[in-house]
Amino acid sequence: MFAARPLFRSPVPVRRGRARHASLIALLIALPTGPAMAQTGLRPSIPGTASPATASPTPATPEQLKQREQELEAARAAQKAAAEAQERLKADIAALGEDRGKLNQQLIDVAAQVRGVEIRVGEAETRLRGLDGREQDLRNSLEARRTEIIEVLAALQRAGRRTPPALLVRPEDALQSLRTAMLLGSVIPEMRVRAEKLSTDLGELVAIRRTIASERDKVAADRDRLRTDQTRLAALVEERQRKQASAEKDMEAESLRATALAQQIDSLQSLITTMELDLKSAAKAASTASLQGVPVNAKPDANALRNPARKTPAIAFASTKGMLTYPVNGSKIREFGAPDGAGGSDKGISLAARPGAQVTTPCDGWVVYAGPFRSYGQLLILNAGGGYHVLIAGMERISVNIGQFVQTGEPVATMGITSQVASILATTASQPVLYVEFRKDGTPIDPGPWWAANEGEKVRG
């Protein structure tokens, strides 16, 4: 009887083949892909070639010159398209003329589009994090089984009496090699099982990479859309404020006086009282809120919200329970009444948002303060009528003025990159945080009953 020869024992030439395949596998697994490649913008270097930092400069080839000309032409076309888009935007705004209702409707619609795209981008980024993690797990698994891959390929070489298809640097090539291995090694059950496992993992890796590429394309398209919408929204906001400034000649002086008064005040309630008593524009807004802040018909009327030219609340604030949307897309990280870490309790809620996220007003109301205040960063206070006030803090930039009436869903501010509220800085939040507080007759109240349970129930302008 002859002794059984070990399955993966081979003469010296095969060992050399294994070494060659090992270097190819190492190259396959070591190459940066997915987010690493996308972030660095690097291309894989080929052994034996000089790096860009050390290579001596060589004259550009005709192909390189042609490519540069094409890139220059593409840049010129993009610049021309941007200029044309800007002209169209100016024409659209000019067409709105003095129609305040049309301008408000445009603001609300575009702000809603911006927030919608923000949601899609956030969801796509969440999916990409999961896909990137799974890709890395598969790559780590394949790296740990590098020896097994080499043995399977070496067995393929012996079974086929020829060199197997080169792995090159793509998992697709390795996958094809392993499928061939399964066919040629069908008579060897152990090798077939191992090849099938490797084939499954490589197939999943290829599929994940294709999905990642597709998701990144969608994110890129959404980000382009977001930039376009933000540009349009900024132009509309500028036009709204220009018209507001022309109506209120002393707006700048009022803003300076409000800031000076705020520096002398310690509490939020004192700030509200002082603004509504001592500041002309805020006092006028508060007076109007007292007279017109509660509609005669206090029951919710969706049709009233469809009037973009309104200058008073469409629905009494007390009647909007279960109908309001958060002022910004984000997740709640601190609840009303939760310990604030300083021996007290939170008087409002805190929402973690995306950097640069759009902030919209959750209800109709009059602006009685807009500016910096103590540890709250940029603070916006709305008088919603009926003794209710809505406080929103933590933005980087506010785009409305004291005395101005704003409608539900209207853009009023923009988030920064980090948290602006001092009380939130002590938390582990790594992104900007928006603080929202509701008050009734000067006393903080739980805003929970006012938020909509789902998107279909939210109040929209």
# chains A, B, ... in the order shown; residues from 1 in each chain; ligands from 1

$ residues_around --residues "segment 117-123 of chain A" --least-positions-apart "3" --cutoff "9 Å" --atoms "only C-alpha atoms" --output "list in words"
Ala112, Gln113, Val114, Thr126, Arg127, Leu128, Lys218, Val219, Ala220, Asp222, Arg223, Arg225, Leu226, Asn329, Gly330, Arg354, Ala357 and Gln358 of chain A

$ write_last_selection --atoms "N, CA, C and O atoms" --output "compact mmCIF listing (two decimals), in the first residue's frame"
# COMPACT_ATOMS: atom_id res chain seq x y z
N ALA A 112 -38.34 73.25 3.76
CA ALA A 112 -38.79 71.86 3.91
C ALA A 112 -37.96 70.93 3.02
O ALA A 112 -37.61 69.82 3.42
N GLN A 113 -37.62 71.39 1.80
CA GLN A 113 -36.78 70.58 0.91
C GLN A 113 -35.40 70.37 1.52
O GLN A 113 -34.85 69.27 1.48
N VAL A 114 -34.84 71.44 2.10
CA VAL A 114 -33.52 71.34 2.72
C VAL A 114 -33.54 70.32 3.85
O VAL A 114 -32.66 69.45 3.95
N THR A 126 -25.61 56.75 7.72
CA THR A 126 -25.76 55.67 8.70
C THR A 126 -25.61 54.31 8.03
O THR A 126 -24.94 53.40 8.54
N ARG A 127 -26.26 54.14 6.86
CA ARG A 127 -26.12 52.87 6.13
C ARG A 127 -24.67 52.63 5.71
O ARG A 127 -24.17 51.50 5.78
N LEU A 128 -23.99 53.69 5.28
CA LEU A 128 -22.60 53.54 4.84
C LEU A 128 -21.69 53.12 5.99
O LEU A 128 -20.77 52.34 5.79
N LYS A 218 -25.32 58.28 -4.39
CA LYS A 218 -26.56 58.90 -3.95
C LYS A 218 -26.28 60.04 -2.96
O LYS A 218 -26.91 61.10 -3.03
N VAL A 219 -25.35 59.81 -2.03
CA VAL A 219 -25.01 60.86 -1.07
C VAL A 219 -24.43 62.08 -1.77
O VAL A 219 -24.77 63.22 -1.45
N ALA A 220 -23.56 61.83 -2.76
CA ALA A 220 -22.96 62.95 -3.50
C ALA A 220 -24.04 63.75 -4.22
O ALA A 220 -24.02 64.99 -4.22
N ASP A 222 -27.23 63.95 -3.39
CA ASP A 222 -28.04 64.65 -2.39
C ASP A 222 -27.30 65.86 -1.84
O ASP A 222 -27.91 66.90 -1.56
N ARG A 223 -26.00 65.75 -1.67
CA ARG A 223 -25.24 66.89 -1.17
C ARG A 223 -25.20 68.02 -2.19
O ARG A 223 -25.25 69.20 -1.83
N ARG A 225 -27.61 68.58 -4.31
CA ARG A 225 -28.96 69.13 -4.20
C ARG A 225 -29.08 70.02 -2.97
O ARG A 225 -29.71 71.09 -3.02
N LEU A 226 -28.47 69.59 -1.88
CA LEU A 226 -28.53 70.36 -0.64
C LEU A 226 -27.85 71.72 -0.81
O LEU A 226 -28.37 72.75 -0.37
N ASN A 329 -33.77 68.86 12.34
CA ASN A 329 -33.64 67.41 12.23
C ASN A 329 -32.61 66.93 13.24
O ASN A 329 -31.47 67.41 13.23
N GLY A 330 -32.98 66.02 14.09
CA GLY A 330 -32.02 65.55 15.08
C GLY A 330 -32.65 64.58 16.05
O GLY A 330 -33.85 64.31 16.00
N ARG A 354 -27.20 67.94 12.85
CA ARG A 354 -26.08 67.91 11.92
C ARG A 354 -25.41 69.29 11.88
O ARG A 354 -26.09 70.32 12.01
N ALA A 357 -27.08 72.47 10.02
CA ALA A 357 -28.48 72.12 9.77
C ALA A 357 -29.38 73.35 9.79
O ALA A 357 -29.11 74.34 10.48
N GLN A 358 -30.46 73.27 9.03
CA GLN A 358 -31.44 74.36 8.95
C GLN A 358 -32.37 74.30 10.16
O GLN A 358 -32.84 73.24 10.54

$ residues_around --residues "Thr414 of chain A" --least-positions-apart "6" --cutoff "8 Å" --atoms "only C-alpha atoms" --output "JSON, numbers by chain"
{"A": [356, 357, 358, 359, 395, 396, 397, 398]}

$ write_last_selection --atoms "all heavy atoms" --output "PDB file, in the first residue's frame"
ATOM      1  N   GLY A 356     -24.372  72.682  10.518  1.00  0.00           N
ATOM      2  CA  GLY A 356     -24.932  73.504   9.456  1.00  0.00           C
ATOM      3  C   GLY A 356     -26.385  73.228   9.159  1.00  0.00           C
ATOM      4  O   GLY A 356     -26.915  73.713   8.151  1.00  0.00           O
ATOM      5  N   ALA A 357     -27.076  72.471  10.023  1.00  0.00           N
ATOM      6  CA  ALA A 357     -28.476  72.115   9.775  1.00  0.00           C
ATOM      7  C   ALA A 357     -29.378  73.346   9.792  1.00  0.00           C
ATOM      8  O   ALA A 357     -29.105  74.335  10.479  1.00  0.00           O
ATOM      9  CB  ALA A 357     -28.953  71.105  10.810  1.00  0.00           C
ATOM     10  N   GLN A 358     -30.458  73.266   9.028  1.00  0.00           N
ATOM     11  CA  GLN A 358     -31.436  74.356   8.949  1.00  0.00           C
ATOM     12  C   GLN A 358     -32.369  74.301  10.156  1.00  0.00           C
ATOM     13  O   GLN A 358     -32.837  73.242  10.537  1.00  0.00           O
ATOM     14  CB  GLN A 358     -32.250  74.224   7.665  1.00  0.00           C
ATOM     15  CG  GLN A 358     -33.253  75.336   7.440  1.00  0.00           C
ATOM     16  CD  GLN A 358     -32.576  76.674   7.274  1.00  0.00           C
ATOM     17  OE1 GLN A 358     -31.703  76.828   6.439  1.00  0.00           O
ATOM     18  NE2 GLN A 358     -32.950  77.633   8.098  1.00  0.00           N
ATOM     19  N   VAL A 359     -32.622  75.466  10.761  1.00  0.00           N
ATOM     20  CA  VAL A 359     -33.548  75.575  11.897  1.00  0.00           C
ATOM     21  C   VAL A 359     -34.786  76.324  11.429  1.00  0.00           C
ATOM     22  O   VAL A 359     -34.678  77.409  10.852  1.00  0.00           O
ATOM     23  CB  VAL A 359     -32.900  76.313  13.086  1.00  0.00           C
ATOM     24  CG1 VAL A 359     -33.886  76.414  14.248  1.00  0.00           C
ATOM     25  CG2 VAL A 359     -31.627  75.604  13.529  1.00  0.00           C
ATOM     26  N   MET A 395     -27.987  78.028  18.197  1.00  0.00           N
ATOM     27  CA  MET A 395     -27.667  78.202  16.780  1.00  0.00           C
ATOM     28  C   MET A 395     -26.378  79.026  16.627  1.00  0.00           C
ATOM     29  O   MET A 395     -25.961  79.705  17.546  1.00  0.00           O
ATOM     30  CB  MET A 395     -28.805  78.930  16.064  1.00  0.00           C
ATOM     31  CG  MET A 395     -30.164  78.253  16.185  1.00  0.00           C
ATOM     32  SD  MET A 395     -31.003  78.589  17.747  1.00  0.00           S
ATOM     33  CE  MET A 395     -31.408  80.326  17.592  1.00  0.00           C
ATOM     34  N   GLU A 396     -25.816  78.975  15.457  1.00  0.00           N
ATOM     35  CA  GLU A 396     -24.644  79.813  15.171  1.00  0.00           C
ATOM     36  C   GLU A 396     -25.066  81.146  14.568  1.00  0.00           C
ATOM     37  O   GLU A 396     -24.442  82.181  14.816  1.00  0.00           O
ATOM     38  CB  GLU A 396     -23.710  79.088  14.196  1.00  0.00           C
ATOM     39  CG  GLU A 396     -22.441  79.884  13.887  1.00  0.00           C
ATOM     40  CD  GLU A 396     -21.502  79.140  12.965  1.00  0.00           C
ATOM     41  OE1 GLU A 396     -21.792  79.071  11.763  1.00  0.00           O
ATOM     42  OE2 GLU A 396     -20.479  78.624  13.467  1.00  0.00           O
ATOM     43  N   ARG A 397     -26.159  81.119  13.783  1.00  0.00           N
ATOM     44  CA  ARG A 397     -26.590  82.333  13.093  1.00  0.00           C
ATOM     45  C   ARG A 397     -28.111  82.396  13.061  1.00  0.00           C
ATOM     46  O   ARG A 397     -28.780  81.422  12.742  1.00  0.00           O
ATOM     47  CB  ARG A 397     -26.029  82.348  11.669  1.00  0.00           C
ATOM     48  CG  ARG A 397     -26.307  83.623  10.897  1.00  0.00           C
ATOM     49  CD  ARG A 397     -25.549  83.639   9.575  1.00  0.00           C
ATOM     50  NE  ARG A 397     -25.949  82.568   8.677  1.00  0.00           N
ATOM     51  CZ  ARG A 397     -25.269  81.457   8.483  1.00  0.00           C
ATOM     52  NH1 ARG A 397     -24.140  81.263   9.124  1.00  0.00           N
ATOM     53  NH2 ARG A 397     -25.704  80.519   7.654  1.00  0.00           N
ATOM     54  N   ILE A 398     -28.673  83.569  13.409  1.00  0.00           N
ATOM     55  CA  ILE A 398     -30.116  83.798  13.368  1.00  0.00           C
ATOM     56  C   ILE A 398     -30.422  84.707  12.185  1.00  0.00           C
ATOM     57  O   ILE A 398     -29.703  85.678  11.944  1.00  0.00           O
ATOM     58  CB  ILE A 398     -30.615  84.444  14.680  1.00  0.00           C
ATOM     59  CG1 ILE A 398     -30.421  83.462  15.848  1.00  0.00           C
ATOM     60  CG2 ILE A 398     -32.085  84.839  14.580  1.00  0.00           C
ATOM     61  CD1 ILE A 398     -30.787  84.040  17.201  1.00  0.00           C
TER      62      ILE A 398
END

$ closest_residue --among "A:Thr361, A:Thr259, A:Asn104, A:Thr408" --to "Pro308 of chain A" --atoms "only C-alpha atoms"
A:Asn104

$ residues_around --residues "Gly385 of chain A" --least-positions-apart "6" --cutoff "9 Å" --atoms "only C-alpha atoms" --output "list in words"
Ala286, Thr288, Ala289, Ser290, Leu291, Gln292, Gly293, Val294, Pro313, Ala316, Phe317, Asp364, Gly365 and Trp366 of chain A

$ write_last_selection --atoms "N, CA and C atoms" --output "PDB file, in the first residue's frame"
ATOM      1  N   ALA A 286     -45.337  92.043  21.236  1.00  0.00           N
ATOM      2  CA  ALA A 286     -46.034  91.479  22.386  1.00  0.00           C
ATOM      3  C   ALA A 286     -47.465  91.990  22.471  1.00  0.00           C
ATOM      4  N   THR A 288     -49.309  93.023  19.949  1.00  0.00           N
ATOM      5  CA  THR A 288     -50.073  92.375  18.877  1.00  0.00           C
ATOM      6  C   THR A 288     -50.410  90.940  19.261  1.00  0.00           C
ATOM      7  N   ALA A 289     -49.452  90.258  19.907  1.00  0.00           N
ATOM      8  CA  ALA A 289     -49.682  88.884  20.333  1.00  0.00           C
ATOM      9  C   ALA A 289     -50.805  88.813  21.354  1.00  0.00           C
ATOM     10  N   SER A 290     -50.875  89.806  22.245  1.00  0.00           N
ATOM     11  CA  SER A 290     -51.931  89.826  23.264  1.00  0.00           C
ATOM     12  C   SER A 290     -53.299  90.022  22.637  1.00  0.00           C
ATOM     13  N   LEU A 291     -53.356  90.855  21.577  1.00  0.00           N
ATOM     14  CA  LEU A 291     -54.631  91.160  20.942  1.00  0.00           C
ATOM     15  C   LEU A 291     -55.049  90.109  19.912  1.00  0.00           C
ATOM     16  N   GLN A 292     -54.050  89.576  19.165  1.00  0.00           N
ATOM     17  CA  GLN A 292     -54.384  88.711  18.039  1.00  0.00           C
ATOM     18  C   GLN A 292     -53.753  87.320  18.145  1.00  0.00           C
ATOM     19  N   GLY A 293     -53.090  87.032  19.250  1.00  0.00           N
ATOM     20  CA  GLY A 293     -52.372  85.762  19.380  1.00  0.00           C
ATOM     21  C   GLY A 293     -53.255  84.545  19.497  1.00  0.00           C
ATOM     22  N   VAL A 294     -54.533  84.748  19.888  1.00  0.00           N
ATOM     23  CA  VAL A 294     -55.456  83.618  20.008  1.00  0.00           C
ATOM     24  C   VAL A 294     -56.595  83.811  19.019  1.00  0.00           C
ATOM     25  N   PRO A 313     -51.223  84.232  14.098  1.00  0.00           N
ATOM     26  CA  PRO A 313     -51.232  82.761  14.143  1.00  0.00           C
ATOM     27  C   PRO A 313     -52.474  82.159  13.513  1.00  0.00           C
ATOM     28  N   ALA A 316     -54.406  78.677  17.482  1.00  0.00           N
ATOM     29  CA  ALA A 316     -53.986  79.020  18.842  1.00  0.00           C
ATOM     30  C   ALA A 316     -52.928  78.028  19.310  1.00  0.00           C
ATOM     31  N   PHE A 317     -51.858  78.522  19.924  1.00  0.00           N
ATOM     32  CA  PHE A 317     -50.759  77.653  20.336  1.00  0.00           C
ATOM     33  C   PHE A 317     -51.246  76.538  21.247  1.00  0.00           C
ATOM     34  N   ASP A 364     -46.333  79.485  14.618  1.00  0.00           N
ATOM     35  CA  ASP A 364     -46.472  80.910  14.286  1.00  0.00           C
ATOM     36  C   ASP A 364     -46.129  81.736  15.533  1.00  0.00           C
ATOM     37  N   GLY A 365     -45.556  82.917  15.320  1.00  0.00           N
ATOM     38  CA  GLY A 365     -45.265  83.772  16.468  1.00  0.00           C
ATOM     39  C   GLY A 365     -44.495  85.019  16.102  1.00  0.00           C
ATOM     40  N   TRP A 366     -44.328  85.898  17.082  1.00  0.00           N
ATOM     41  CA  TRP A 366     -43.600  87.153  16.905  1.00  0.00           C
ATOM     42  C   TRP A 366     -42.249  87.064  17.613  1.00  0.00           C
TER      43      TRP A 366
END

$ atom_distance --atom1 "atom CA of Ala234 of chain A" --atom2 "atom CA of Leu107 of chain A"
9.3 Å

$ select_by_dssp --residues "segment 214-453 of chain A" --states "helix (DSSP H, G or I)" --output "count of residues only"
88

$ residues_around --residues "Glu410 of chain A" --least-positions-apart "2" --cutoff "10 Å" --atoms "only C-alpha atoms" --output "JSON, numbers by chain"
{"A": [104, 105, 106, 107, 108, 109, 110, 111, 112, 237, 327, 359, 360, 361, 362, 363, 364, 406, 407, 408, 412, 413, 460, 461]}

$ closest_residue --among "A:Ser319, A:Ser267, A:Gln79, A:Ser331" --to "Ser375 of chain A" --atoms "only C-alpha atoms"
A:Ser267

$ residues_around --residues "Leu268 of chain A" --least-positions-apart "4" --cutoff "10 Å" --atoms "only C-alpha atoms" --output "PDB file with all heavy atoms, in the first residue's frame"
ATOM      1  N   ALA A 262     -29.634  93.008  27.007  1.00  0.00           N
ATOM      2  CA  ALA A 262     -29.423  91.599  27.361  1.00  0.00           C
ATOM      3  C   ALA A 262     -28.191  91.411  28.229  1.00  0.00           C
ATOM      4  O   ALA A 262     -28.152  90.516  29.078  1.00  0.00           O
ATOM      5  CB  ALA A 262     -29.314  90.756  26.103  1.00  0.00           C
ATOM      6  N   ILE A 272     -37.227  88.278  28.778  1.00  0.00           N
ATOM      7  CA  ILE A 272     -38.506  88.371  28.066  1.00  0.00           C
ATOM      8  C   ILE A 272     -39.275  89.607  28.516  1.00  0.00           C
ATOM      9  O   ILE A 272     -39.778  90.391  27.697  1.00  0.00           O
ATOM     10  CB  ILE A 272     -39.349  87.099  28.304  1.00  0.00           C
ATOM     11  CG1 ILE A 272     -38.655  85.880  27.694  1.00  0.00           C
ATOM     12  CG2 ILE A 272     -40.748  87.260  27.707  1.00  0.00           C
ATOM     13  CD1 ILE A 272     -39.300  84.558  28.040  1.00  0.00           C
ATOM     14  N   THR A 273     -39.368  89.812  29.835  1.00  0.00           N
ATOM     15  CA  THR A 273     -40.125  90.949  30.377  1.00  0.00           C
ATOM     16  C   THR A 273     -39.524  92.271  29.928  1.00  0.00           C
ATOM     17  O   THR A 273     -40.238  93.184  29.484  1.00  0.00           O
ATOM     18  CB  THR A 273     -40.150  90.876  31.913  1.00  0.00           C
ATOM     19  OG1 THR A 273     -40.729  89.632  32.316  1.00  0.00           O
ATOM     20  CG2 THR A 273     -40.967  92.025  32.484  1.00  0.00           C
ATOM     21  N   THR A 274     -38.196  92.370  30.011  1.00  0.00           N
ATOM     22  CA  THR A 274     -37.519  93.611  29.639  1.00  0.00           C
ATOM     23  C   THR A 274     -37.706  93.922  28.165  1.00  0.00           C
ATOM     24  O   THR A 274     -38.001  95.059  27.783  1.00  0.00           O
ATOM     25  CB  THR A 274     -36.018  93.526  29.974  1.00  0.00           C
ATOM     26  OG1 THR A 274     -35.865  93.281  31.372  1.00  0.00           O
ATOM     27  CG2 THR A 274     -35.309  94.820  29.607  1.00  0.00           C
ATOM     28  N   PHE A 373     -27.144  85.540  24.299  1.00  0.00           N
ATOM     29  CA  PHE A 373     -27.558  85.740  25.695  1.00  0.00           C
ATOM     30  C   PHE A 373     -26.860  84.748  26.605  1.00  0.00           C
ATOM     31  O   PHE A 373     -27.061  83.531  26.507  1.00  0.00           O
ATOM     32  CB  PHE A 373     -29.070  85.590  25.850  1.00  0.00           C
ATOM     33  CG  PHE A 373     -29.547  85.808  27.268  1.00  0.00           C
ATOM     34  CD1 PHE A 373     -29.479  87.068  27.840  1.00  0.00           C
ATOM     35  CD2 PHE A 373     -30.023  84.752  28.031  1.00  0.00           C
ATOM     36  CE1 PHE A 373     -29.899  87.272  29.149  1.00  0.00           C
ATOM     37  CE2 PHE A 373     -30.440  84.948  29.334  1.00  0.00           C
ATOM     38  CZ  PHE A 373     -30.379  86.217  29.894  1.00  0.00           C
ATOM     39  N   ARG A 374     -26.035  85.274  27.484  1.00  0.00           N
ATOM     40  CA  ARG A 374     -25.359  84.505  28.520  1.00  0.00           C
ATOM     41  C   ARG A 374     -24.783  83.195  27.988  1.00  0.00           C
ATOM     42  O   ARG A 374     -24.082  83.177  26.988  1.00  0.00           O
ATOM     43  CB  ARG A 374     -26.319  84.250  29.688  1.00  0.00           C
ATOM     44  CG  ARG A 374     -26.875  85.513  30.326  1.00  0.00           C
ATOM     45  CD  ARG A 374     -25.769  86.385  30.893  1.00  0.00           C
ATOM     46  NE  ARG A 374     -26.267  87.638  31.456  1.00  0.00           N
ATOM     47  CZ  ARG A 374     -25.471  88.606  31.899  1.00  0.00           C
ATOM     48  NH1 ARG A 374     -24.159  88.460  31.812  1.00  0.00           N
ATOM     49  NH2 ARG A 374     -25.980  89.712  32.392  1.00  0.00           N
ATOM     50  N   TYR A 376     -26.366  80.749  26.670  1.00  0.00           N
ATOM     51  CA  TYR A 376     -27.223  80.086  25.683  1.00  0.00           C
ATOM     52  C   TYR A 376     -26.721  80.246  24.244  1.00  0.00           C
ATOM     53  O   TYR A 376     -27.322  79.706  23.328  1.00  0.00           O
ATOM     54  CB  TYR A 376     -28.645  80.643  25.776  1.00  0.00           C
ATOM     55  CG  TYR A 376     -29.378  80.201  27.020  1.00  0.00           C
ATOM     56  CD1 TYR A 376     -29.259  80.908  28.211  1.00  0.00           C
ATOM     57  CD2 TYR A 376     -30.174  79.064  27.015  1.00  0.00           C
ATOM     58  CE1 TYR A 376     -29.924  80.501  29.363  1.00  0.00           C
ATOM     59  CE2 TYR A 376     -30.845  78.646  28.154  1.00  0.00           C
ATOM     60  CZ  TYR A 376     -30.709  79.376  29.334  1.00  0.00           C
ATOM     61  OH  TYR A 376     -31.360  78.966  30.457  1.00  0.00           O
ATOM     62  N   ILE A 381     -36.387  84.063  20.826  1.00  0.00           N
ATOM     63  CA  ILE A 381     -37.587  83.948  21.650  1.00  0.00           C
ATOM     64  C   ILE A 381     -38.788  84.386  20.823  1.00  0.00           C
ATOM     65  O   ILE A 381     -38.807  85.494  20.266  1.00  0.00           O
ATOM     66  CB  ILE A 381     -37.496  84.807  22.926  1.00  0.00           C
ATOM     67  CG1 ILE A 381     -36.273  84.419  23.755  1.00  0.00           C
ATOM     68  CG2 ILE A 381     -38.764  84.651  23.761  1.00  0.00           C
ATOM     69  CD1 ILE A 381     -36.059  85.263  24.996  1.00  0.00           C
ATOM     70  N   LEU A 391     -38.646  79.308  23.265  1.00  0.00           N
ATOM     71  CA  LEU A 391     -37.241  79.710  23.286  1.00  0.00           C
ATOM     72  C   LEU A 391     -36.422  78.658  22.541  1.00  0.00           C
ATOM     73  O   LEU A 391     -36.557  77.457  22.801  1.00  0.00           O
ATOM     74  CB  LEU A 391     -36.721  79.834  24.721  1.00  0.00           C
ATOM     75  CG  LEU A 391     -37.280  80.972  25.577  1.00  0.00           C
ATOM     76  CD1 LEU A 391     -38.698  80.679  26.054  1.00  0.00           C
ATOM     77  CD2 LEU A 391     -36.390  81.233  26.779  1.00  0.00           C
ATOM     78  N   GLY A 442     -44.620  82.731  31.810  1.00  0.00           N
ATOM     79  CA  GLY A 442     -43.314  82.852  32.450  1.00  0.00           C
ATOM     80  C   GLY A 442     -42.781  81.588  33.080  1.00  0.00           C
ATOM     81  O   GLY A 442     -41.634  81.563  33.530  1.00  0.00           O
TER      82      GLY A 442
END

$ atom_distance --atom1 "atom CA of Ala452 of chain A" --atom2 "atom CA of Thr325 of chain A"
6.1 Å
